[in-house]
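Q: Okay, handing you the structure first.
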Amino acid sequence: MDHRKTLTTMFNAAFNFEGRIRRREYGISFIIFFVCFDTIDSIIDSIEEAAFLQLLFIPLYCFFIAQGVKRCHDINRAGWFQVIPFYVFALLFSDSDKGENQYGLNPKEYVPMQQEESIQ
């Protein structure tokens with residue numbers, strides 16, 4: 001599977017609060033969030049009339065919170081755990097809960113139907 005297909009399948013439900021994601025997807029989301037945040041913030045600081053761009057922070061935070069909830073689900077915790085200070089480090093470095101849990105299938109073990117057909 002090439003990298004473009006991996007990224008499209010990885011972020012196909014980026015604003016959804018259900019399911020589980022792996023550490024890699026959460027780490028990439030973490031980087032995307034901070035790069036976008038810093039870019040928007042520098043544009044707002046450099047242009048006086050760009051204050052309306054602060055509205056772009058709303059979907060950016062929704063994206064990051066949704067990804068955090070799914071990562072909490074992956075380690076079998078409720079999404080509210082991400083409000084604990086420094087819990088982001090647990091989300092970045094904790095391994096997935098083995099097998100299926102109450103939030104869904106383990107993304108490490110799950111192989112989408114398209115991939116199963118190409119394997120056979």
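Residue numbering restarts at 1 in every chain; chains get A, B, ... in the order shown in the structure tokens, and ligands count up from 1 in that same order.
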Skipping near chain neighbours, those fewer than 4 positions away, what residues fall within 10 Å of range 47-63 of chain A using only C-alpha atoms, listed as a ChimeraX atom specification?
A: /A:13-17,29-30,32-34,36-37,40-43,67-68
Q: Which residues come within 8 Å of Lys70 in chain A, counting only C-alpha atoms, excluding same-chain residues fewer than 6 positions away, as a list of chain:residue names?
A: A:Phe17, A:Glu18, A:Gly19, A:Arg20, A:Ile21, A:Gly79
Q: Please give the complete set of residues from range 2-115 of chain A that DSSP, run on the backbone, assigns to helix (DSSP H, G or I), formatted as an MDAnalysis selection string.
A: chainID A and resid 3:10 23:46 48:74 79:83 87:93 113:115
Q: Find, counting only C-alpha atoms, the residue in A:Asp95, A:Glu109, A:Glu100, A:Glu25 that gets nearest to Phe64 in chain A.
A: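 Of A:Asp95, A:Glu109, A:Glu100, A:Glu25, the one nearest Phe64 in chain A, counting only C-alpha atoms, is A:Glu25.
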Q: Extract, using only C-alpha atoms, all DNA, RNA and protein residues at most 12 Å from Gln102 in chain A, discarding same-chain residues fewer than 2 positions from it, and format them as a PyMOL selection string.
A: chain A and resi 18-20+72-78+97-100+104-106
Q: If you measure from CA of Leu91 in chain A to CA of Arg71 in chain A, what distance in Å do you get, rounded to one decimal?
A: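 Answer for the CA of Leu91 in chain A to CA of Arg71 in chain A separation: 6.4 Å.
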Q: Restricting the calculation to only C-alpha atoms, which member of A:Phe11, A:Ser46, A:Arg22, A:Thr39 is positioned closest to Leu92 in chain A?
A: A:Arg22
Q: Just the number, please: distance in Å from CA of Pro107 in chain A to CA of Tyr26 in chain A, one decimal.
A: 12.2 Å
Q: With only C-alpha atoms as the basis for distance, which of A:Lys108, A:Ile44, A:Ile65, A:Asp38 is at the shortest distance from Val88 in chain A?
A: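 The answer is A:Ile65, which sits nearest to Val88 in chain A.
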